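The data block below is work28.cif; it holds mmCIF, C-alpha atoms.
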data_structure
loop_
_atom_site.label_atom_id
_atom_site.label_comp_id
_atom_site.auth_asym_id
_atom_site.auth_seq_id
_atom_site.Cartn_x
_atom_site.Cartn_y
_atom_site.Cartn_z
CA MET N 16 7.69 -16.47 -18.58
CA PHE N 17 6.94 -12.72 -18.42
CA ARG N 18 7.42 -11.70 -22.05
CA LEU N 19 6.47 -8.24 -23.23
CA PRO N 20 7.21 -6.65 -26.59
CA ARG N 21 9.81 -3.90 -26.32
CA PRO N 22 8.30 -0.42 -26.69
CA THR N 23 9.39 1.61 -29.69
CA LEU N 24 9.99 4.67 -27.50
CA GLU N 25 13.54 5.98 -27.62
CA ARG N 26 14.82 6.37 -24.09
CA SER N 27 16.53 9.61 -25.05
CA SER N 28 13.11 11.19 -25.69
CA SER N 29 12.22 10.89 -22.01
CA ARG N 30 13.75 13.19 -19.43
CA ILE N 31 15.29 11.99 -16.17
CA PRO N 32 13.30 13.66 -13.37
CA SER N 33 14.90 15.40 -10.45
CA VAL N 34 14.63 13.98 -6.95
CA VAL N 35 13.64 16.57 -4.35
CA GLU N 36 14.56 15.77 -0.76
CA HIS N 37 12.32 16.76 2.12
CA ASP N 38 12.48 15.79 5.81
CA GLY N 39 12.47 11.99 5.56
CA LEU N 40 10.67 12.05 2.20
CA LEU N 41 11.66 12.11 -1.48
CA LEU N 42 9.50 13.77 -4.14
CA VAL N 43 9.71 12.54 -7.75
CA GLU N 44 7.55 13.62 -10.71
CA LEU N 45 6.87 11.18 -13.57
CA SER N 46 4.96 11.80 -16.81
CA GLY N 47 4.13 10.52 -20.26
CA GLU N 48 3.51 7.11 -21.77
CA PRO N 49 3.74 3.97 -19.60
CA TYR N 50 7.25 2.84 -20.58
CA ALA N 51 8.56 6.41 -20.33
CA ARG N 52 7.16 6.84 -16.81
CA GLY N 53 8.77 3.62 -15.68
CA TRP N 54 12.10 4.50 -17.28
CA GLN N 55 12.08 7.91 -15.57
CA HIS N 56 11.36 6.18 -12.26
CA GLY N 57 14.18 3.68 -12.71
CA MET N 58 16.73 6.28 -13.80
CA ALA N 59 15.89 8.67 -10.95
CA LEU N 60 15.80 6.05 -8.18
CA GLY N 61 17.79 3.16 -9.65
CA GLU N 62 20.26 2.85 -6.80
CA ARG N 63 17.46 2.75 -4.23
CA VAL N 64 15.44 0.28 -6.31
CA ARG N 65 18.45 -2.05 -6.54
CA HIS N 66 19.02 -1.68 -2.82
CA LEU N 67 15.46 -2.66 -1.91
CA ARG N 68 15.51 -5.50 -4.43
CA SER N 69 18.69 -6.79 -2.80
CA ARG N 70 17.08 -6.67 0.64
CA LEU N 71 14.05 -8.59 -0.58
CA VAL N 72 15.73 -11.25 -2.70
CA ASP N 73 19.23 -11.59 -1.25
CA ASP N 74 18.65 -10.93 2.45
CA ILE N 75 15.14 -12.31 2.94
CA VAL N 76 14.41 -14.96 0.30
CA PHE N 77 17.99 -16.31 0.32
CA GLY N 78 18.62 -15.43 3.95
CA LYS N 79 18.73 -19.08 5.06
CA GLY N 80 20.77 -20.55 2.28
CA LEU N 81 20.98 -20.93 -1.48
CA ALA N 82 18.97 -24.16 -1.76
CA MET N 83 16.04 -23.00 0.35
CA GLY N 84 16.03 -19.58 -1.29
CA ALA N 85 16.13 -20.96 -4.83
CA GLY N 86 13.23 -23.32 -4.16
CA PHE N 87 11.16 -20.64 -2.51
CA LEU N 88 11.87 -18.09 -5.26
CA GLY N 89 10.87 -20.62 -7.92
CA ILE N 90 7.50 -21.08 -6.24
CA LEU N 91 7.01 -17.32 -6.01
CA TYR N 92 7.78 -16.85 -9.71
CA GLY N 93 5.32 -19.63 -10.54
CA ILE N 94 2.53 -17.83 -8.71
CA LEU N 95 3.53 -14.56 -10.39
CA ALA N 96 3.08 -16.25 -13.76
CA ARG N 97 -0.60 -16.84 -12.89
CA MET N 98 -1.12 -13.22 -11.81
CA HIS N 99 0.78 -11.61 -14.67
CA PRO N 100 -1.93 -11.92 -17.38
CA ASN N 101 -4.39 -10.14 -15.05
CA ILE N 102 -2.21 -7.02 -14.79
CA PRO N 103 -3.26 -4.33 -17.30
CA ARG N 104 -0.84 -3.98 -20.19
CA GLU N 105 -0.24 -0.31 -19.36
CA LEU N 106 1.14 -1.19 -15.93
CA ARG N 107 3.22 -4.06 -17.31
CA GLU N 108 4.83 -1.65 -19.74
CA GLU N 109 5.52 0.80 -16.94
CA MET N 110 7.18 -1.93 -14.87
CA ARG N 111 9.23 -2.90 -17.94
CA GLY N 112 10.47 0.68 -18.25
CA LEU N 113 11.23 0.75 -14.54
CA ALA N 114 13.20 -2.48 -14.76
CA ASP N 115 15.21 -1.18 -17.72
CA GLY N 116 15.88 2.19 -16.13
CA ALA N 117 16.93 0.71 -12.79
CA ARG N 118 18.84 -2.22 -14.37
CA VAL N 119 16.82 -4.77 -12.40
CA PRO N 120 15.19 -7.94 -13.84
CA TYR N 121 11.57 -7.36 -14.78
CA ARG N 122 10.43 -10.37 -12.74
CA ASP N 123 11.92 -8.84 -9.59
CA ILE N 124 10.07 -5.55 -10.14
CA LEU N 125 6.94 -7.65 -10.62
CA LEU N 126 7.67 -9.57 -7.42
CA LEU N 127 8.21 -6.36 -5.47
CA ASN N 128 4.83 -5.01 -6.58
CA CYS N 129 2.90 -8.27 -6.07
CA PHE N 130 4.62 -9.83 -3.07
CA ASP N 131 1.71 -9.49 -0.65
CA ASP N 132 -0.71 -11.22 -3.03
CA VAL N 133 1.89 -13.89 -3.83
CA LEU N 134 2.39 -14.87 -0.20
CA HIS N 135 -1.35 -15.00 0.41
CA SER N 136 -1.73 -17.30 -2.57
CA LEU N 137 1.17 -19.50 -1.48
CA ILE N 138 -0.45 -20.21 1.87
CA GLN N 139 -3.84 -20.82 0.25
CA LEU N 140 -2.30 -23.34 -2.15
CA ASN N 141 -0.80 -25.33 0.70
CA PRO N 142 -2.33 -24.51 4.11
CA MET N 143 0.02 -27.02 5.74
CA LEU N 144 2.85 -24.60 5.02
CA ALA N 145 1.20 -21.67 6.77
CA PRO N 146 2.94 -21.94 10.16
CA LEU N 147 6.35 -22.46 8.52
CA LEU N 148 5.92 -19.65 6.01
CA HIS N 149 4.59 -17.33 8.67
CA HIS N 150 7.69 -17.88 10.76
CA ARG N 151 10.31 -17.98 8.02
CA PHE N 152 9.05 -15.79 5.22
CA VAL N 153 5.84 -13.85 5.87
CA LYS N 154 6.62 -11.74 8.90
CA PRO N 155 10.00 -10.44 7.67
CA VAL N 156 8.49 -9.00 4.51
CA LEU N 157 4.96 -8.04 5.45
CA GLY N 158 5.75 -4.33 5.11
CA TRP N 159 7.13 -4.51 1.60
CA LEU N 160 3.83 -3.70 -0.09
CA GLY N 161 2.50 -1.38 2.53
CA ALA N 162 0.25 -3.71 4.45
CA PRO N 163 0.78 -6.88 6.48
CA PRO N 164 0.32 -10.12 4.52
CA THR N 165 -1.43 -13.23 5.73
CA PRO N 166 -0.19 -14.64 9.03
CA ALA N 167 -0.86 -18.03 10.49
CA PRO N 168 -4.44 -17.79 11.83
CA VAL N 169 -3.68 -16.96 15.43
CA ALA N 170 -4.52 -13.93 17.52
CA VAL N 171 -1.35 -11.85 17.42
CA GLY N 172 -0.94 -8.09 17.70
CA GLY N 173 0.83 -7.25 14.46
CA PHE N 174 -1.98 -5.79 12.34
CA ALA N 175 -1.80 -2.09 12.96
CA CYS N 176 -2.98 0.04 10.00
CA SER N 177 -5.59 2.72 10.71
CA SER N 178 -7.53 5.14 8.50
CA PHE N 179 -10.23 7.78 8.83
CA VAL N 180 -12.27 10.11 6.65
CA LEU N 181 -13.85 13.26 8.10
CA ALA N 182 -16.34 15.17 5.97
CA GLY N 183 -19.36 17.41 6.29
CA GLU N 184 -19.79 18.74 9.82
CA ALA N 185 -17.02 16.45 11.10
CA SER N 186 -14.46 18.41 9.07
CA ALA N 187 -13.46 21.92 10.03
CA THR N 188 -11.81 22.56 6.64
CA GLY N 189 -14.91 22.59 4.43
CA GLY N 190 -13.91 19.41 2.61
CA PRO N 191 -12.97 15.83 3.44
CA ILE N 192 -9.87 15.04 5.48
CA HIS N 193 -8.43 11.60 4.76
CA GLY N 194 -5.82 10.27 7.19
CA ARG N 195 -3.96 6.99 7.49
CA ASN N 196 -1.15 5.23 9.34
CA LEU N 197 0.61 2.52 7.36
CA ASP N 198 1.87 -0.07 9.85
CA TYR N 199 3.07 -3.67 10.11
CA MET N 200 4.95 -6.00 12.46
CA VAL N 201 8.40 -4.84 13.45
CA HIS N 202 10.56 -7.84 12.60
CA ASP N 203 10.94 -11.59 12.63
CA ASP N 204 13.26 -13.16 15.21
CA PHE N 205 14.26 -15.95 12.82
CA LEU N 206 15.13 -14.20 9.55
CA ASP N 207 15.18 -10.51 10.40
CA PRO N 208 16.13 -10.13 14.07
CA ASP N 209 17.52 -6.64 13.48
CA GLY N 210 14.38 -5.37 11.74
CA ILE N 211 16.14 -4.59 8.44
CA VAL N 212 12.97 -4.53 6.35
CA PRO N 213 10.95 -2.00 8.39
CA CYS N 214 14.00 0.21 8.73
CA GLU N 215 14.48 0.23 4.96
CA LEU N 216 10.84 1.10 4.35
CA ARG N 217 10.88 3.95 6.85
CA GLN N 218 14.04 5.36 5.33
CA ASN N 219 12.86 5.21 1.71
CA VAL N 220 9.43 6.86 1.62
CA VAL N 221 8.73 8.48 -1.76
CA ALA N 222 5.90 10.71 -2.96
CA PHE N 223 5.42 10.09 -6.69
CA VAL N 224 3.55 12.78 -8.62
CA VAL N 225 2.44 10.97 -11.79
CA ARG N 226 1.04 12.68 -14.88
CA PRO N 227 0.08 9.83 -17.21
CA ALA N 228 -0.62 10.31 -20.91
CA ARG N 229 -4.07 8.80 -20.25
CA GLY N 230 -6.15 9.17 -17.13
CA LYS N 231 -5.87 11.51 -14.19
CA ALA N 232 -2.78 12.89 -12.51
CA PHE N 233 -2.22 11.53 -9.03
CA VAL N 234 0.22 11.43 -6.14
CA SER N 235 1.19 8.12 -4.52
CA VAL N 236 3.03 7.67 -1.23
CA ALA N 237 5.11 4.52 -1.68
CA TRP N 238 8.72 3.38 -2.13
CA PRO N 239 11.32 3.07 -4.91
CA GLY N 240 10.30 0.39 -7.41
CA PHE N 241 6.54 0.61 -6.76
CA VAL N 242 4.17 1.09 -9.69
CA GLY N 243 1.22 -0.13 -7.63
CA LEU N 244 0.12 1.97 -4.68
CA VAL N 245 -1.37 1.89 -1.19
CA THR N 246 -2.02 5.60 -0.57
CA ALA N 247 -3.02 8.12 -3.25
CA MET N 248 -4.85 11.32 -4.21
CA ASN N 249 -5.77 12.34 -7.76
CA GLY N 250 -6.56 15.51 -9.65
CA ASP N 251 -10.32 14.89 -9.51
CA GLY N 252 -10.25 15.06 -5.73
CA ILE N 253 -10.37 11.31 -5.03
CA SER N 254 -8.10 9.93 -2.30
CA LEU N 255 -7.67 6.35 -1.13
CA ALA N 256 -5.90 4.25 1.50
CA CYS N 257 -5.88 0.44 1.81
CA LEU N 258 -5.61 -1.77 4.89
CA THR N 259 -5.08 -5.52 5.20
CA SER N 260 -8.21 -7.48 6.10
CA THR N 261 -7.54 -11.19 5.68
CA VAL N 262 -10.05 -13.85 4.66
CA SER N 263 -9.62 -17.61 4.41
CA GLN N 264 -10.12 -18.15 0.67
CA GLU N 265 -7.76 -16.23 -1.60
CA THR N 266 -6.46 -16.78 -5.12
CA ALA N 267 -3.60 -16.07 -7.52
CA ASN N 268 -6.00 -15.74 -10.48
CA GLY N 269 -6.64 -12.03 -10.28
CA THR N 270 -5.22 -8.53 -10.42
CA PRO N 271 -2.79 -7.89 -7.53
CA LEU N 272 -4.39 -5.34 -5.25
CA LEU N 273 -1.72 -2.65 -5.50
CA MET N 274 -2.19 -2.70 -9.28
CA LEU N 275 -5.96 -2.47 -8.87
CA TYR N 276 -5.60 0.52 -6.56
CA ARG N 277 -3.33 2.14 -9.12
CA LEU N 278 -6.17 1.89 -11.66
CA LEU N 279 -8.55 3.52 -9.19
CA ALA N 280 -6.18 6.43 -8.59
CA GLN N 281 -5.57 6.95 -12.32
CA TYR N 282 -9.10 6.49 -13.66
CA ALA N 283 -11.73 7.03 -10.91
CA GLY N 284 -13.30 10.48 -10.73
CA SER N 285 -16.01 9.71 -8.17
CA LEU N 286 -16.92 7.31 -5.38
CA ASP N 287 -19.26 5.46 -7.73
CA GLU N 288 -16.54 5.06 -10.36
CA ALA N 289 -14.14 3.75 -7.72
CA GLU N 290 -16.76 1.24 -6.59
CA TRP N 291 -17.48 0.22 -10.20
CA LEU N 292 -13.79 -0.45 -10.89
CA LEU N 293 -13.42 -2.36 -7.64
CA ARG N 294 -16.50 -4.54 -8.19
CA GLY N 295 -15.60 -5.26 -11.80
CA ALA N 296 -12.07 -6.44 -11.03
CA ARG N 297 -10.93 -10.01 -10.53
CA ARG N 298 -9.68 -9.66 -6.95
CA THR N 299 -7.01 -11.78 -5.27
CA ILE N 300 -7.16 -11.20 -1.51
CA GLY N 301 -9.32 -9.59 1.18
CA ASN N 302 -8.83 -5.93 2.00
CA ASN N 303 -10.34 -2.74 3.38
CA LEU N 304 -10.24 0.43 1.31
CA THR N 305 -11.21 3.93 2.43
CA VAL N 306 -12.00 6.43 -0.36
CA ALA N 307 -12.80 10.14 -0.05
CA SER N 308 -14.31 12.47 -2.65
CA ALA N 309 -13.82 16.24 -2.64
CA ALA N 310 -16.67 16.88 -5.10
CA ALA N 311 -19.17 14.96 -2.97
CA ASN N 312 -17.60 15.97 0.36
CA ASP N 313 -18.10 12.34 1.28
CA GLY N 314 -16.29 9.07 1.87
CA ARG N 315 -16.89 5.35 1.59
CA LEU N 316 -15.42 2.20 3.12
CA PHE N 317 -15.16 -0.84 0.86
CA GLU N 318 -14.72 -4.21 2.55
CA PHE N 319 -14.17 -7.05 0.14
CA SER N 320 -13.07 -10.58 -0.53
CA MET N 321 -12.63 -12.31 -3.90
CA GLU N 322 -16.38 -12.94 -4.11
CA GLN N 323 -17.99 -10.02 -2.33
CA VAL N 324 -17.75 -6.23 -2.05
CA ARG N 325 -19.67 -4.33 0.60
CA ALA N 326 -19.75 -0.53 0.81
CA THR N 327 -20.33 1.42 4.02
CA SER N 328 -21.29 5.10 3.99
CA MET N 329 -20.21 7.74 6.45
CA GLN N 330 -22.05 8.19 9.72
CA ALA N 331 -22.32 11.78 10.97
CA GLY N 332 -19.49 12.73 8.63
CA ARG N 333 -17.09 10.11 10.02
CA LEU N 334 -15.64 6.90 8.64
CA PHE N 335 -13.10 4.68 10.40
CA ALA N 336 -11.25 1.52 9.32
CA THR N 337 -8.55 -0.74 10.71
CA ASN N 338 -7.78 -4.40 9.88
CA HIS N 339 -11.13 -6.14 10.18
CA PHE N 340 -14.54 -6.07 8.51
CA GLN N 341 -17.34 -4.09 10.15
CA HIS N 342 -20.16 -4.92 7.72
CA ASP N 343 -22.52 -7.59 9.08
CA GLU N 344 -22.39 -9.62 5.85
CA MET N 345 -18.58 -9.70 5.85
CA MET N 346 -17.76 -10.52 9.46
CA THR N 347 -18.28 -14.27 9.13
CA LEU N 348 -15.49 -14.42 6.52
CA GLN N 349 -12.88 -13.54 9.13
CA GLU N 350 -13.43 -16.04 11.90
CA GLY N 351 -10.04 -16.64 13.53
CA TRP N 352 -8.35 -13.77 11.70
CA VAL N 353 -9.38 -10.67 13.67
CA VAL N 354 -6.76 -9.45 16.14
CA PRO N 355 -7.83 -7.48 19.25
CA SER N 356 -5.55 -4.55 18.39
CA SER N 357 -7.60 -3.85 15.26
CA GLN N 358 -10.77 -3.48 17.31
CA HIS N 359 -8.98 -1.35 19.90
CA ARG N 360 -7.58 1.05 17.31
CA LEU N 361 -11.06 1.43 15.85
CA LEU N 362 -12.27 2.44 19.30
CA ARG N 363 -9.41 4.91 19.64
CA LEU N 364 -10.36 6.60 16.38
CA GLY N 365 -13.86 7.06 17.78
CA GLU N 366 -12.42 8.62 20.94
CA TRP N 367 -10.38 11.09 18.91
CA PHE N 368 -13.04 12.16 16.44
CA GLY N 369 -16.17 12.63 18.49
CA ALA N 370 -18.72 15.42 18.08
CA GLY N 371 -17.68 18.64 16.38
CA GLY N 372 -15.52 19.54 13.43
CA HIS N 373 -11.85 18.56 13.30
CA GLY N 374 -9.02 20.09 11.31
CA ILE N 375 -5.60 19.08 10.05
CA ASP N 376 -3.89 19.75 13.38
CA VAL N 377 -6.17 17.32 15.21
CA ALA N 378 -5.70 14.74 12.45
CA ARG N 379 -1.92 14.97 12.81
CA GLU N 380 -2.15 14.61 16.59
CA ALA N 381 -4.36 11.54 16.24
CA LEU N 382 -2.00 9.77 13.86
CA THR N 383 0.93 10.29 16.25
CA ASP N 384 -1.08 9.22 19.30
CA THR N 385 0.65 6.57 21.43
CA CYS N 386 -2.14 6.08 23.97
CA PRO N 387 -4.42 3.02 23.73
CA PRO N 388 -8.22 3.34 24.11
CA ARG N 389 -9.92 2.76 27.43
CA GLY N 390 -9.56 -0.86 28.51
CA ALA N 391 -6.54 -1.63 26.30
CA ILE N 392 -2.88 -1.77 27.34
CA GLU N 393 -0.82 -3.11 24.42
CA VAL N 394 1.42 -0.91 22.26
CA TRP N 395 -0.26 -2.36 19.15
CA ASP N 396 -3.58 -0.93 20.40
CA CYS N 397 -2.28 2.60 19.70
CA LEU N 398 -2.70 4.49 16.44
CA GLU N 399 1.04 5.08 16.32
CA ASN N 400 2.81 1.89 17.35
CA PRO N 401 6.13 0.06 16.83
CA GLY N 402 5.06 -0.87 13.30
CA THR N 403 4.25 2.58 11.92
CA VAL N 404 6.15 3.24 8.66
CA TYR N 405 4.57 6.56 7.70
CA SER N 406 1.53 8.71 8.35
CA SER N 407 -0.30 10.74 5.71
CA ILE N 408 -3.19 13.18 5.52
CA ALA N 409 -4.84 14.15 2.24
CA GLU N 410 -7.14 17.12 1.70
CA PRO N 411 -8.38 16.27 -1.81
CA ALA N 412 -10.53 19.40 -2.17
CA THR N 413 -7.41 21.59 -2.12
CA GLY N 414 -4.75 19.15 -3.36
CA GLN N 415 -2.83 19.32 -0.09
CA LEU N 416 -0.89 16.37 1.31
CA TRP N 417 0.95 15.93 4.59
CA VAL N 418 3.39 13.02 5.07
CA ARG N 419 5.50 12.01 8.06
CA ALA N 420 8.08 9.21 7.83
CA ASN N 421 8.47 7.34 11.09
CA ASP N 422 12.16 6.45 10.90
CA ARG N 423 12.95 8.96 13.66
CA ALA N 424 10.88 10.25 16.53
CA ASP N 425 11.78 13.85 15.67
CA ARG N 426 10.59 13.70 12.06
CA GLU N 427 8.42 16.63 11.07
CA TRP N 428 5.34 16.54 8.88
CA VAL N 429 6.12 17.45 5.27
CA HIS N 430 3.45 19.61 3.63
CA LEU N 431 3.14 19.24 -0.13
CA ASP N 432 0.92 21.69 -2.05
CA LEU N 433 0.05 19.70 -5.17
CA ALA N 434 -3.07 21.57 -6.26
CA ALA N 435 -1.53 23.19 -9.36
CA SER N 436 0.38 20.08 -10.44
CA LEU N 437 -2.56 17.70 -10.19
CA ALA N 438 -5.20 20.09 -11.55
CA ALA N 439 -3.17 21.22 -14.56
CA ALA N 440 -2.20 17.69 -15.56
CA SER N 441 -5.73 16.35 -15.14
CA ALA N 442 -7.18 19.20 -17.20
CA ALA N 443 -4.70 18.52 -19.99
#
Could you render the structure from this file as structure tokens?
Amino acid sequence: MFRLPRPTLERSSSRIPSVVEHDGLLLVELSGEPYARGWQHGMALGERVRHLRSRLVDDIVFGKGLAMGAGFLGILYGILARMHPNIPRELREEMRGLADGARVPYRDILLLNCFDDVLHSLIQLNPMLAPLLHHRFVKPVLGWLGAPPTPAPVAVGGFACSSFVLAGEASATGGPIHGRNLDYMVHDDFLDPDGIVPCELRQNVVAFVVRPARGKAFVSVAWPGFVGLVTAMNGDGISLACLTSTVSQETANGTPLLMLYRLLAQYAGSLDEAEWLLRGARRTIGNNLTVASAAANDGRLFEFSMEQVRATSMQAGRLFATNHFQHDEMMTLQEGWVVPSSQHRLLRLGEWFGAGGHGIDVAREALTDTCPPRGAIEVWDCLENPGTVYSSIAEPATGQLWVRANDRADREWVHLDLAASLAAASAA
């Protein structure tokens, strides 16, 4: 069902990268042709990839029995078969190398990277299943791809991602500051009462520095087994962060979003190029995407569905995004899907980044803020909340990245100076 010709590359010609441990964060560097990069990834992190695959397939999909799990998995693979032709060949080859290196079936690596889009499509194909899938399958795994997947359309407080870009006079560093919290619901009382999935994600945060044979070098903050990405910064000074923003009509006939974002990180050198790639893609689900550019000292918010893309420019050097559309032409697409916590976190970002320039220290304080905005009282109204997996801050003008895993309250921010690595690889 997912056939790919085997690459001619000899595995022995590709080195196994070292894994550098930081405080709650692993750093792995990958390079070369697509299959080689994937093979390096699988060899370096194979045990962790197999562990996460086991949690997804064995503990979640098959968590309520063999018969139910087999039927559900068959449906998921069927949807994957529709998405697979829309994934660029380069990324399919990289996933093939990853599967071989980690000794995991290719279809499970594909499922790991496309799971959010698959669940959205499953509910769109049969809306009658939405409440059941939300309760039994969606909530337990909505952190696996870095953003919460489609819930049943009710007002619940589980959407919790937040992002900001500060540039111009709003930035005290002389270039854009791009921050994000990657969050999701804590657990599901039916399938995951102990919160296994969020714990695994918090404990397995990886920064991948990727130097591809073609395109730009970039760093991605993700997890073992991920070729697609949700947070990235490249050697041309472009950074990006995505946030779930659900719409009613979604499709399996497109490029899964994490794969699309990978293309942006690897090939976009400006805000206009990022927008061009995004508009030209066959998109699967709704989303928000914040992008910052060091060269332009600017940022842009893209709000999109399968049919529309709307771009919003910065106002007074500030750009904020959570889990709902702010553009007038997009708001009507989300009737019944916007949760109050998303609006409250947007307000809180405005309270933090008012007049004046703000530096990295203020950005770090904001992302670890546990106070709701005025008039709100719920924990999900806070920028840091029970669903926070990790926080990151990119300074694309200097190639600096700060990451904080949220598996422990005492975790420190890890500062990674990637300027030389990204610049040298991109120049080559």
Considering all atoms listed in the file, tabulate each residue of stretch 231-309 of chain N that lies at most 7 Å from stretch 331-340 of chain N along with its nearest interatomic pair and the corresponding distance in Å to one decimal; arrange the rows by chain and ascending residue number and present them as CSV.
residue,atom,partner,partner_atom,distance
N:Leu258,CA,N:Asn338,CA,6.0
N:Thr259,CA,N:Asn338,CA,5.5
N:Ser260,CA,N:Asn338,CA,4.9
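For the set N:Ser407, N:Ser178, N:Ser69, N:Ser29, the residue with the smallest atom-to-atom gap to N:Gly112 is N:Ser29, counting only C-alpha atoms.
Atom CA of N:Glu184 is positioned 28.1 Å from atom CA of N:Asn302.
Excluding N:Asn219 and any residue on its chain fewer than 3 positions from it, the residues at most 8 Å away by all atoms listed in the file are Gly39, Leu40, Leu41, Arg63, Glu215, Leu216, Trp238 and Pro239 of chain N.
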| query | How would you write, as number ranges by chain, the residues chosen by the PyMOL selection byres ((chain N and resi 262) around 8) on this structure? | reply | N: 260-261, 263-265, 300-301, 320, 348-349, 352
| Surrounding residues of N:Arg229 excluding itself and chain neighbours under 3 positions, 9 Å, only C-alpha atoms, as a PyMOL selection string | chain N and resi 47-48+226+232+281-282
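The coordinates place atom CA of N:Thr413 at 8.3 Å from atom CA of N:Gly190.
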| query | Any chance you could work out the residue set of the PyMOL selection byres ((chain N and resi 220) around 12) here, as an MDAnalysis selection string? | reply | chainID N and resid 36:43 60 63:64 67 159 161 197 213:219 221:223 235:241 246 404:407 418:422 429
| For this file, the PyMOL selection byres ((chain N and resi 399) around 12) selects which residues, as a ChimeraX atom specification? | /N:174-178,195-199,356,360,363-364,379-387,393-398,400-406,419-421,424
Store the residues picked out above, limited to C-alpha atoms, as a compact mmCIF listing (two decimals), in the frame of the given file.
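Everything below was put into result.txt:
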# COMPACT_ATOMS: atom_id res chain seq x y z
CA PHE N 174 -1.98 -5.79 12.34
CA ALA N 175 -1.80 -2.09 12.96
CA CYS N 176 -2.98 0.04 10.00
CA SER N 177 -5.59 2.72 10.71
CA SER N 178 -7.53 5.14 8.50
CA ARG N 195 -3.96 6.99 7.49
CA ASN N 196 -1.15 5.23 9.34
CA LEU N 197 0.61 2.52 7.36
CA ASP N 198 1.87 -0.07 9.85
CA TYR N 199 3.07 -3.67 10.11
CA SER N 356 -5.55 -4.55 18.39
CA ARG N 360 -7.58 1.05 17.31
CA ARG N 363 -9.41 4.91 19.64
CA LEU N 364 -10.36 6.60 16.38
CA ARG N 379 -1.92 14.97 12.81
CA GLU N 380 -2.15 14.61 16.59
CA ALA N 381 -4.36 11.54 16.24
CA LEU N 382 -2.00 9.77 13.86
CA THR N 383 0.93 10.29 16.25
CA ASP N 384 -1.08 9.22 19.30
CA THR N 385 0.65 6.57 21.43
CA CYS N 386 -2.14 6.08 23.97
CA PRO N 387 -4.42 3.02 23.73
CA GLU N 393 -0.82 -3.11 24.42
CA VAL N 394 1.42 -0.91 22.26
CA TRP N 395 -0.26 -2.36 19.15
CA ASP N 396 -3.58 -0.93 20.40
CA CYS N 397 -2.28 2.60 19.70
CA LEU N 398 -2.70 4.49 16.44
CA ASN N 400 2.81 1.89 17.35
CA PRO N 401 6.13 0.06 16.83
CA GLY N 402 5.06 -0.87 13.30
CA THR N 403 4.25 2.58 11.92
CA VAL N 404 6.15 3.24 8.66
CA TYR N 405 4.57 6.56 7.70
CA SER N 406 1.53 8.71 8.35
CA ARG N 419 5.50 12.01 8.06
CA ALA N 420 8.08 9.21 7.83
CA ASN N 421 8.47 7.34 11.09
CA ALA N 424 10.88 10.25 16.53
| said: So that I can see what lies close to N:Leu292, please list as number ranges by chain the residues with an atom at most 9 Å from it, counting all atoms listed in the file and leaving out residues fewer than 3 positions away in the same chain. | reply: N: 275, 278-279, 282-283, 287-289, 295-296
